[in-house]
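Data from query29.pdb: PDB, C-alpha atoms, pLDDT in the B column
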```pdb
MODEL        1
ATOM      1  CA  SER Q 232     -25.630 -20.128  11.071  1.00 49.00           C
ATOM      2  CA  GLN Q 233     -24.832 -22.993   8.720  1.00 73.00           C
ATOM      3  CA  GLU Q 234     -21.211 -21.937   8.788  1.00 86.00           C
ATOM      4  CA  LEU Q 235     -21.044 -22.775  12.464  1.00 90.00           C
ATOM      5  CA  GLU Q 236     -22.892 -25.843  13.651  1.00 92.00           C
ATOM      6  CA  GLN Q 237     -23.492 -26.439  17.305  1.00 95.00           C
ATOM      7  CA  SER Q 238     -24.585 -29.725  18.798  1.00 95.00           C
ATOM      8  CA  PRO Q 239     -26.646 -30.756  20.511  1.00 96.00           C
ATOM      9  CA  GLN Q 240     -29.373 -28.124  20.221  1.00 94.00           C
ATOM     10  CA  SER Q 241     -30.556 -28.954  23.704  1.00 96.00           C
ATOM     11  CA  LEU Q 242     -29.283 -31.044  26.556  1.00 97.00           C
ATOM     12  CA  ILE Q 243     -30.913 -32.153  29.785  1.00 97.00           C
ATOM     13  CA  VAL Q 244     -28.629 -33.679  32.380  1.00 97.00           C
ATOM     14  CA  GLN Q 245     -28.839 -34.690  36.000  1.00 97.00           C
ATOM     15  CA  GLU Q 246     -26.847 -32.589  38.438  1.00 97.00           C
ATOM     16  CA  GLY Q 247     -23.365 -34.015  38.865  1.00 97.00           C
ATOM     17  CA  LYS Q 248     -23.119 -35.434  35.358  1.00 97.00           C
ATOM     18  CA  ASN Q 249     -20.504 -34.440  32.813  1.00 97.00           C
ATOM     19  CA  LEU Q 250     -21.468 -33.080  29.424  1.00 97.00           C
ATOM     20  CA  THR Q 251     -19.938 -31.898  26.160  1.00 98.00           C
ATOM     21  CA  ILE Q 252     -21.106 -29.341  23.621  1.00 98.00           C
ATOM     22  CA  ASN Q 253     -19.537 -29.212  20.175  1.00 97.00           C
ATOM     23  CA  CYS Q 254     -19.057 -26.407  17.697  1.00 96.00           C
ATOM     24  CA  THR Q 255     -17.919 -27.161  14.157  1.00 95.00           C
ATOM     25  CA  SER Q 256     -17.021 -24.696  11.453  1.00 92.00           C
ATOM     26  CA  SER Q 257     -17.338 -25.328   7.731  1.00 91.00           C
ATOM     27  CA  LYS Q 258     -14.582 -22.782   7.084  1.00 88.00           C
ATOM     28  CA  THR Q 259     -11.126 -22.027   8.452  1.00 86.00           C
ATOM     29  CA  LEU Q 260     -11.220 -20.900  12.054  1.00 84.00           C
ATOM     30  CA  TYR Q 261      -9.107 -17.973  13.194  1.00 82.00           C
ATOM     31  CA  GLY Q 262     -10.511 -17.822  16.681  1.00 85.00           C
ATOM     32  CA  LEU Q 263     -13.268 -19.474  18.693  1.00 90.00           C
ATOM     33  CA  TYR Q 264     -15.210 -17.915  21.556  1.00 92.00           C
ATOM     34  CA  TRP Q 265     -17.611 -19.441  24.020  1.00 94.00           C
ATOM     35  CA  TYR Q 266     -20.388 -17.446  25.620  1.00 94.00           C
ATOM     36  CA  LYS Q 267     -23.138 -18.287  28.053  1.00 95.00           C
ATOM     37  CA  GLN Q 268     -26.538 -16.639  27.947  1.00 93.00           C
ATOM     38  CA  LYS Q 269     -29.395 -16.774  30.387  1.00 87.00           C
ATOM     39  CA  TYR Q 270     -32.678 -16.688  28.506  1.00 79.00           C
ATOM     40  CA  GLY Q 271     -33.430 -13.147  27.337  1.00 76.00           C
ATOM     41  CA  GLU Q 272     -30.275 -11.716  28.857  1.00 83.00           C
ATOM     42  CA  GLY Q 273     -26.853 -10.679  27.665  1.00 86.00           C
ATOM     43  CA  LEU Q 274     -23.961 -12.919  26.713  1.00 89.00           C
ATOM     44  CA  ILE Q 275     -21.294 -13.681  29.270  1.00 90.00           C
ATOM     45  CA  PHE Q 276     -17.848 -14.259  27.828  1.00 89.00           C
ATOM     46  CA  LEU Q 277     -16.419 -17.596  28.938  1.00 92.00           C
ATOM     47  CA  MET Q 278     -13.308 -18.380  26.936  1.00 90.00           C
ATOM     48  CA  MET Q 279     -11.379 -17.590  23.804  1.00 90.00           C
ATOM     49  CA  LEU Q 280      -9.300 -20.141  21.884  1.00 91.00           C
ATOM     50  CA  GLN Q 281      -6.997 -19.145  19.092  1.00 85.00           C
ATOM     51  CA  LYS Q 282      -4.375 -21.808  18.591  1.00 77.00           C
ATOM     52  CA  GLY Q 283      -4.826 -25.347  17.423  1.00 79.00           C
ATOM     53  CA  GLY Q 284      -4.741 -27.733  20.346  1.00 83.00           C
ATOM     54  CA  GLU Q 285      -5.335 -24.935  22.804  1.00 88.00           C
ATOM     55  CA  GLU Q 286      -7.227 -25.870  25.923  1.00 91.00           C
ATOM     56  CA  LYS Q 287      -8.544 -23.535  28.585  1.00 92.00           C
ATOM     57  CA  SER Q 288     -10.329 -24.158  31.832  1.00 92.00           C
ATOM     58  CA  HIS Q 289     -12.347 -22.023  34.173  1.00 87.00           C
ATOM     59  CA  GLU Q 290     -13.737 -23.655  37.266  1.00 88.00           C
ATOM     60  CA  LYS Q 291     -15.508 -26.759  35.957  1.00 94.00           C
ATOM     61  CA  ILE Q 292     -15.666 -25.702  32.325  1.00 96.00           C
ATOM     62  CA  THR Q 293     -12.984 -26.738  29.823  1.00 96.00           C
ATOM     63  CA  ALA Q 294     -12.836 -25.756  26.185  1.00 96.00           C
ATOM     64  CA  LYS Q 295     -10.581 -27.204  23.503  1.00 95.00           C
ATOM     65  CA  LEU Q 296      -9.837 -26.226  19.936  1.00 93.00           C
ATOM     66  CA  ASP Q 297      -9.064 -28.827  17.291  1.00 91.00           C
ATOM     67  CA  GLU Q 298      -7.734 -26.810  14.412  1.00 86.00           C
ATOM     68  CA  LYS Q 299      -7.533 -29.747  12.010  1.00 88.00           C
ATOM     69  CA  LYS Q 300     -11.185 -30.607  12.507  1.00 89.00           C
ATOM     70  CA  GLN Q 301     -12.199 -26.920  12.687  1.00 91.00           C
ATOM     71  CA  GLN Q 302     -13.987 -27.837  15.851  1.00 93.00           C
ATOM     72  CA  SER Q 303     -14.216 -26.808  19.467  1.00 95.00           C
ATOM     73  CA  SER Q 304     -15.709 -28.642  22.394  1.00 96.00           C
ATOM     74  CA  LEU Q 305     -16.946 -27.292  25.694  1.00 97.00           C
ATOM     75  CA  HIS Q 306     -16.909 -29.769  28.535  1.00 97.00           C
ATOM     76  CA  ILE Q 307     -18.596 -29.276  31.884  1.00 97.00           C
ATOM     77  CA  THR Q 308     -17.577 -31.539  34.723  1.00 97.00           C
ATOM     78  CA  ALA Q 309     -19.937 -32.365  37.567  1.00 97.00           C
ATOM     79  CA  SER Q 310     -22.674 -30.063  36.279  1.00 97.00           C
ATOM     80  CA  GLN Q 311     -24.666 -27.877  38.652  1.00 96.00           C
ATOM     81  CA  PRO Q 312     -27.982 -26.051  38.247  1.00 95.00           C
ATOM     82  CA  SER Q 313     -25.974 -22.821  37.954  1.00 94.00           C
ATOM     83  CA  HIS Q 314     -24.544 -24.122  34.683  1.00 96.00           C
ATOM     84  CA  ALA Q 315     -27.979 -24.040  33.084  1.00 96.00           C
ATOM     85  CA  GLY Q 316     -28.437 -21.632  30.209  1.00 96.00           C
ATOM     86  CA  ILE Q 317     -27.716 -21.253  26.534  1.00 95.00           C
ATOM     87  CA  TYR Q 318     -24.161 -21.837  25.408  1.00 97.00           C
ATOM     88  CA  LEU Q 319     -23.139 -20.077  22.230  1.00 95.00           C
ATOM     89  CA  CYS Q 320     -19.991 -20.505  20.244  1.00 95.00           C
ATOM     90  CA  GLY Q 321     -18.811 -17.594  18.165  1.00 91.00           C
ATOM     91  CA  ALA Q 322     -16.024 -17.793  15.644  1.00 88.00           C
ATOM     92  CA  ASP Q 323     -13.823 -15.603  13.577  1.00 82.00           C
ATOM     93  CA  ILE Q 324     -14.020 -17.596  10.370  1.00 81.00           C
ATOM     94  CA  GLU Q 325     -12.678 -17.272   6.874  1.00 76.00           C
ATOM     95  CA  GLY Q 326     -14.656 -14.788   4.819  1.00 72.00           C
ATOM     96  CA  SER Q 327     -16.429 -13.169   7.758  1.00 69.00           C
ATOM     97  CA  ALA Q 328     -14.508  -9.882   7.543  1.00 66.00           C
ATOM     98  CA  ARG Q 329     -13.132 -10.716  10.994  1.00 67.00           C
ATOM     99  CA  GLN Q 330     -16.539 -10.465  12.611  1.00 78.00           C
ATOM    100  CA  LEU Q 331     -17.988 -13.067  14.882  1.00 82.00           C
ATOM    101  CA  THR Q 332     -20.292 -15.650  13.386  1.00 86.00           C
ATOM    102  CA  PHE Q 333     -22.385 -17.434  16.003  1.00 91.00           C
ATOM    103  CA  GLY Q 334     -23.749 -20.918  16.267  1.00 92.00           C
ATOM    104  CA  SER Q 335     -27.405 -21.484  17.007  1.00 91.00           C
ATOM    105  CA  GLY Q 336     -26.751 -22.260  20.642  1.00 93.00           C
ATOM    106  CA  THR Q 337     -27.177 -25.198  22.989  1.00 95.00           C
ATOM    107  CA  GLN Q 338     -29.881 -25.000  25.639  1.00 95.00           C
ATOM    108  CA  LEU Q 339     -28.590 -26.726  28.764  1.00 97.00           C
ATOM    109  CA  THR Q 340     -30.913 -27.797  31.570  1.00 97.00           C
ATOM    110  CA  VAL Q 341     -29.466 -29.267  34.734  1.00 96.00           C
ATOM    111  CA  LEU Q 342     -31.930 -31.150  36.890  1.00 96.00           C
ATOM    112  CA  PRO Q 343     -31.345 -30.984  40.629  1.00 91.00           C
TER     113      PRO Q 343
ATOM    114  CA  ASP L  42     -21.950  -6.740  34.958  1.00 78.00           C
ATOM    115  CA  SER L  43     -20.056  -6.466  31.654  1.00 83.00           C
ATOM    116  CA  GLY L  44     -19.737  -2.690  31.810  1.00 91.00           C
ATOM    117  CA  VAL L  45     -21.719  -2.254  28.595  1.00 95.00           C
ATOM    118  CA  THR L  46     -24.962  -0.369  29.163  1.00 96.00           C
ATOM    119  CA  GLN L  47     -27.948  -0.563  26.871  1.00 97.00           C
ATOM    120  CA  THR L  48     -31.148   1.436  27.084  1.00 97.00           C
ATOM    121  CA  PRO L  49     -34.005   0.905  27.094  1.00 97.00           C
ATOM    122  CA  LYS L  50     -34.285  -2.703  28.284  1.00 95.00           C
ATOM    123  CA  HIS L  51     -37.692  -3.151  26.715  1.00 96.00           C
ATOM    124  CA  LEU L  52     -39.450  -1.357  23.923  1.00 97.00           C
ATOM    125  CA  ILE L  53     -42.884  -1.953  22.487  1.00 97.00           C
ATOM    126  CA  THR L  54     -43.868  -0.058  19.391  1.00 97.00           C
ATOM    127  CA  ALA L  55     -46.194  -0.259  16.430  1.00 97.00           C
ATOM    128  CA  THR L  56     -45.410  -1.220  12.866  1.00 97.00           C
ATOM    129  CA  GLY L  57     -44.168   1.635  10.737  1.00 97.00           C
ATOM    130  CA  GLN L  58     -42.630   3.462  13.673  1.00 97.00           C
ATOM    131  CA  ARG L  59     -39.028   4.431  14.303  1.00 98.00           C
ATOM    132  CA  VAL L  60     -37.006   3.707  17.441  1.00 98.00           C
ATOM    133  CA  THR L  61     -33.527   4.438  18.727  1.00 98.00           C
ATOM    134  CA  LEU L  62     -31.522   2.050  20.848  1.00 98.00           C
ATOM    135  CA  ARG L  63     -28.623   3.362  22.853  1.00 98.00           C
ATOM    136  CA  CYS L  64     -25.367   1.748  23.925  1.00 98.00           C
ATOM    137  CA  SER L  65     -22.594   2.947  26.203  1.00 98.00           C
ATOM    138  CA  PRO L  66     -19.454   0.843  25.799  1.00 97.00           C
ATOM    139  CA  ARG L  67     -17.093  -0.190  28.567  1.00 95.00           C
ATOM    140  CA  SER L  68     -14.720   2.519  29.652  1.00 94.00           C
ATOM    141  CA  GLY L  69     -11.735   2.530  27.308  1.00 92.00           C
ATOM    142  CA  ASP L  70     -13.355   0.445  24.576  1.00 94.00           C
ATOM    143  CA  LEU L  71     -13.274   2.038  21.145  1.00 94.00           C
ATOM    144  CA  SER L  72     -15.265  -0.543  19.209  1.00 93.00           C
ATOM    145  CA  VAL L  73     -19.003  -0.968  19.390  1.00 95.00           C
ATOM    146  CA  TYR L  74     -20.851  -3.833  17.710  1.00 94.00           C
ATOM    147  CA  TRP L  75     -24.555  -4.286  17.195  1.00 95.00           C
ATOM    148  CA  TYR L  76     -26.192  -7.692  16.982  1.00 94.00           C
ATOM    149  CA  GLN L  77     -29.735  -8.881  16.457  1.00 95.00           C
ATOM    150  CA  GLN L  78     -30.945 -12.076  18.094  1.00 93.00           C
ATOM    151  CA  SER L  79     -34.167 -13.693  16.969  1.00 90.00           C
ATOM    152  CA  LEU L  80     -35.554 -17.187  17.343  1.00 82.00           C
ATOM    153  CA  ASP L  81     -35.347 -18.011  13.653  1.00 82.00           C
ATOM    154  CA  GLN L  82     -32.096 -16.260  12.725  1.00 82.00           C
ATOM    155  CA  GLY L  83     -30.074 -16.674  15.892  1.00 86.00           C
ATOM    156  CA  LEU L  84     -27.450 -14.086  16.777  1.00 90.00           C
ATOM    157  CA  GLN L  85     -26.512 -12.011  13.740  1.00 91.00           C
ATOM    158  CA  PHE L  86     -23.886  -9.312  13.417  1.00 90.00           C
ATOM    159  CA  LEU L  87     -25.295  -6.012  12.172  1.00 94.00           C
ATOM    160  CA  ILE L  88     -22.604  -3.363  12.222  1.00 94.00           C
ATOM    161  CA  GLN L  89     -19.397  -2.259  13.907  1.00 92.00           C
ATOM    162  CA  TYR L  90     -18.051   1.194  14.702  1.00 94.00           C
ATOM    163  CA  TYR L  91     -14.517   1.906  15.760  1.00 93.00           C
ATOM    164  CA  ASN L  92     -13.624   5.271  17.251  1.00 94.00           C
ATOM    165  CA  GLY L  93     -16.513   6.988  15.548  1.00 95.00           C
ATOM    166  CA  GLU L  94     -16.196   5.422  12.119  1.00 94.00           C
ATOM    167  CA  GLU L  95     -18.024   2.510  10.541  1.00 94.00           C
ATOM    168  CA  ARG L  96     -15.677  -0.446  10.486  1.00 90.00           C
ATOM    169  CA  ALA L  97     -17.698  -3.382   9.227  1.00 88.00           C
ATOM    170  CA  LYS L  98     -21.198  -4.169   8.079  1.00 90.00           C
ATOM    171  CA  GLY L  99     -23.066  -7.396   8.429  1.00 88.00           C
ATOM    172  CA  ASN L 100     -26.677  -8.325   7.789  1.00 82.00           C
ATOM    173  CA  ILE L 101     -28.065  -4.882   8.465  1.00 92.00           C
ATOM    174  CA  LEU L 102     -31.199  -3.793   6.654  1.00 95.00           C
ATOM    175  CA  GLU L 103     -31.327  -0.476   4.818  1.00 96.00           C
ATOM    176  CA  ARG L 104     -34.083   0.608   7.221  1.00 97.00           C
ATOM    177  CA  PHE L 105     -31.550   0.351  10.037  1.00 97.00           C
ATOM    178  CA  SER L 106     -28.689   2.728  10.663  1.00 97.00           C
ATOM    179  CA  ALA L 107     -26.217   3.356  13.410  1.00 97.00           C
ATOM    180  CA  GLN L 108     -23.672   5.888  14.511  1.00 97.00           C
ATOM    181  CA  GLN L 109     -21.006   6.291  17.140  1.00 97.00           C
ATOM    182  CA  PHE L 110     -20.608   9.657  18.785  1.00 97.00           C
ATOM    183  CA  PRO L 111     -17.429  11.443  19.949  1.00 96.00           C
ATOM    184  CA  ASP L 112     -18.003  10.222  23.484  1.00 96.00           C
ATOM    185  CA  LEU L 113     -18.051   6.696  21.950  1.00 96.00           C
ATOM    186  CA  HIS L 114     -21.623   5.849  22.819  1.00 97.00           C
ATOM    187  CA  SER L 115     -23.576   4.436  19.934  1.00 98.00           C
ATOM    188  CA  GLU L 116     -27.152   4.499  18.734  1.00 98.00           C
ATOM    189  CA  LEU L 117     -28.959   2.048  16.496  1.00 98.00           C
ATOM    190  CA  ASN L 118     -31.887   3.526  14.613  1.00 98.00           C
ATOM    191  CA  LEU L 119     -34.602   1.229  13.344  1.00 98.00           C
ATOM    192  CA  SER L 120     -37.219   2.719  11.058  1.00 97.00           C
ATOM    193  CA  SER L 121     -40.364   1.599   9.221  1.00 97.00           C
ATOM    194  CA  LEU L 122     -40.571  -1.194  11.730  1.00 98.00           C
ATOM    195  CA  GLU L 123     -42.097  -4.513  10.763  1.00 97.00           C
ATOM    196  CA  LEU L 124     -43.345  -7.367  12.917  1.00 96.00           C
ATOM    197  CA  GLY L 125     -40.288  -9.366  11.923  1.00 95.00           C
ATOM    198  CA  ASP L 126     -37.990  -6.792  13.496  1.00 96.00           C
ATOM    199  CA  SER L 127     -39.076  -7.968  16.931  1.00 96.00           C
ATOM    200  CA  ALA L 128     -35.913  -9.319  18.520  1.00 96.00           C
ATOM    201  CA  LEU L 129     -33.267  -8.821  21.150  1.00 95.00           C
ATOM    202  CA  TYR L 130     -30.735  -6.230  20.070  1.00 97.00           C
ATOM    203  CA  PHE L 131     -27.339  -6.498  21.666  1.00 96.00           C
ATOM    204  CA  CYS L 132     -24.510  -4.085  21.802  1.00 96.00           C
ATOM    205  CA  ALA L 133     -20.981  -5.276  22.491  1.00 93.00           C
ATOM    206  CA  SER L 134     -17.720  -3.421  22.900  1.00 93.00           C
ATOM    207  CA  SER L 135     -14.036  -4.212  22.736  1.00 90.00           C
ATOM    208  CA  VAL L 136     -10.816  -2.309  23.084  1.00 88.00           C
ATOM    209  CA  GLY L 137      -9.590  -2.754  19.532  1.00 82.00           C
ATOM    210  CA  TYR L 138     -11.239  -3.130  16.172  1.00 73.00           C
ATOM    211  CA  ARG L 139     -10.787  -6.876  16.139  1.00 70.00           C
ATOM    212  CA  ASN L 140     -13.826  -8.682  17.449  1.00 57.00           C
ATOM    213  CA  THR L 141     -11.977 -10.345  20.279  1.00 65.00           C
ATOM    214  CA  GLU L 142     -13.150 -10.693  23.849  1.00 74.00           C
ATOM    215  CA  ALA L 143     -16.106  -8.492  23.096  1.00 84.00           C
ATOM    216  CA  PHE L 144     -18.266  -7.817  26.124  1.00 89.00           C
ATOM    217  CA  PHE L 145     -21.994  -7.757  25.636  1.00 91.00           C
ATOM    218  CA  GLY L 146     -24.671  -5.575  27.147  1.00 94.00           C
ATOM    219  CA  GLN L 147     -27.918  -6.961  28.533  1.00 93.00           C
ATOM    220  CA  GLY L 148     -29.771  -6.205  25.342  1.00 94.00           C
ATOM    221  CA  THR L 149     -32.880  -4.292  24.350  1.00 96.00           C
ATOM    222  CA  ARG L 150     -35.931  -6.399  23.728  1.00 96.00           C
ATOM    223  CA  LEU L 151     -37.916  -4.829  20.902  1.00 97.00           C
ATOM    224  CA  THR L 152     -41.487  -5.899  20.321  1.00 97.00           C
ATOM    225  CA  VAL L 153     -43.255  -4.596  17.250  1.00 97.00           C
ATOM    226  CA  VAL L 154     -47.040  -4.939  17.371  1.00 97.00           C
TER     227      VAL L 154
ENDMDL
END
```
Would you give me this structure, written as structure tokens?
Amino acid sequence: SQELEQSPQSLIVQEGKNLTINCTSSKTLYGLYWYKQKYGEGLIFLMMLQKGGEEKSHEKITAKLDEKKQQSSLHITASQPSHAGIYLCGADIEGSARQLTFGSGTQLTVLP
Amino acid sequence: DSGVTQTPKHLITATGQRVTLRCSPRSGDLSVYWYQQSLDQGLQFLIQYYNGEERAKGNILERFSAQQFPDLHSELNLSSLELGDSALYFCASSVGYRNTEAFFGQGTRLTVV
């Protein structure tokens, strides 16, 4: 969706490296959600951010919401092969009738 | 396991045909959402039902329809199928009618030949 831009589109990292995925909205954000998807499978809910400056962590994954920039970042520390997959950001944005608009996804490959 | 069950997992059908995809939401969830995921369009919201009534509509074609039954399971009907309808169709559910912390099923992969 052009309303929600994710970058990069794909990422290949060596195991143990840190990485960041960004999600930027062109409209006002009311809520931002991160999901992980294995190819061809369902989406696994990771985190939800609703307040500007909010930061949440789960294991080695941290997500932040910058309300002023209408942007969220997902940071993985010391990546592992189990982190590989497609990361999708979904957002409740202005004009979306409170439905989730999704980014195009970031394909993450972690090399052992 | 998200608790959302979708059947069938795979479906192969011919152009012009009609298919029905089924979704059982998590226990206690009143909202059901349908999404279509394709390579060119990404993940797109189709329609939402809340406690049996249509709540919101997204990019759903007129050839597609859905309903939510009293037991809260939902069906997505796709008719006059075209090659371009080949995609992964996801169902998600949440407790309320706001699309928050929605849990997704494993999807139904539809292939139209």
Residue nearest chain Q among L:His114, L:Arg96, L:Arg59, L:Arg67 (counting all atoms listed in the file):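 That would be L:Arg96, the residue with the smallest distance to chain Q.
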Can you tell me how far atom CA of Q:Gln281 sits from atom CA of Q:Ser303, in Å to one decimal?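 Those two atoms sit 10.5 Å apart.
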With all atoms listed in the file as the counted atoms, please give the residues lying no more than 9 Å from stretch 48-53 of chain L, apart from itself and same-chain residues fewer than 6 positions off, as number ranges by chain. L: 60, 62-65, 147-154
Take the selection from the previous step and output its residues with C-alpha atoms, as a tab-separated table (two decimals), in the frame of the given file.
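What follows is the written file result30.tsv:
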```
chain	number	residue	atom	x	y	z
L	60	VAL	CA	-37.01	3.71	17.44
L	62	LEU	CA	-31.52	2.05	20.85
L	63	ARG	CA	-28.62	3.36	22.85
L	64	CYS	CA	-25.37	1.75	23.92
L	65	SER	CA	-22.59	2.95	26.20
L	147	GLN	CA	-27.92	-6.96	28.53
L	148	GLY	CA	-29.77	-6.20	25.34
L	149	THR	CA	-32.88	-4.29	24.35
L	150	ARG	CA	-35.93	-6.40	23.73
L	151	LEU	CA	-37.92	-4.83	20.90
L	152	THR	CA	-41.49	-5.90	20.32
L	153	VAL	CA	-43.26	-4.60	17.25
L	154	VAL	CA	-47.04	-4.94	17.37
```
Chain L residues within 10 Å of chain Q, counting all atoms listed in the file: which ones, as a PyMOL selection string? chain L and resi 42-43+45+50+74+78+80-89+96-99+128-133+138-150
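Across the chains present, the PyMOL selection byres ((chain Q and resi 243) around 7) applied to this file returns Ser241, Leu242, Val244, Leu339, Thr340 and Val341 of chain Q.
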Given the file shown, enumerate the residues that the PyMOL selection byres ((chain L and resi 92) around 10) captures and present them as a list in words. Asp70, Leu71, Ser72, Val73, Tyr90, Tyr91, Gly93, Glu94, Glu95, Arg96, Gln109, Phe110, Pro111, Asp112, Leu113, His114, Val136, Gly137 and Tyr138 of chain L
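Under the PyMOL selection byres ((chain Q and resi 259) around 7), the matching residues in the shown file are Q:Lys258, Q:Leu260, Q:Tyr261, Q:Gln301, Q:Ile324, Q:Glu325.
Coordinates place atom CA of Q:Cys254 at a distance of 19.8 Å from atom CA of L:Ser79.
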For a cut-off of 6 Å around (-40.1, 1.0, 14.1), file coordinates, pick out all residues using all atoms listed in the file and list them as number ranges by chain. L: 56-60, 119-122
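Our summary of the geometry notes that atom CA of Q:Thr337 is positioned 14.6 Å from atom CA of Q:Gln233.
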Compile the contact shell of stretch 305-309 of chain Q as a PyMOL selection string: residues with an atom at most 9 Å away, counting only C-alpha atoms, same-chain residues fewer than 4 positions apart removed. chain Q and resi 246-254+265+291-295+314
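Distances here use only C-alpha atoms; by that measure, the residue among L:Thr46, L:Thr61, L:Gly69, L:Arg104 closest to L:Glu123 is L:Arg104.
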I'd like to know which of Q:Leu342, Q:Ser257, Q:Tyr318, Q:Leu235 is closest to Q:Lys299, using all atoms listed in the file. Q:Ser257
Centre, x/y/z edge lengths, axis-aligned box for stretch 66-82 of chain L with 5 Å per side, as AutoDock Vina command-line options:
```
--center_x -23.6 --center_y -7.7 --center_z 21.2 --size_x 33.8 --size_y 30.5 --size_z 26.9
```
Around the point (-27.6, -20.6, 33.1) (coordinates from the file), which residues reach within 8 Å if we count all atoms listed in the file? Answer as a ChimeraX atom specification. /Q:267-270,312-317,339
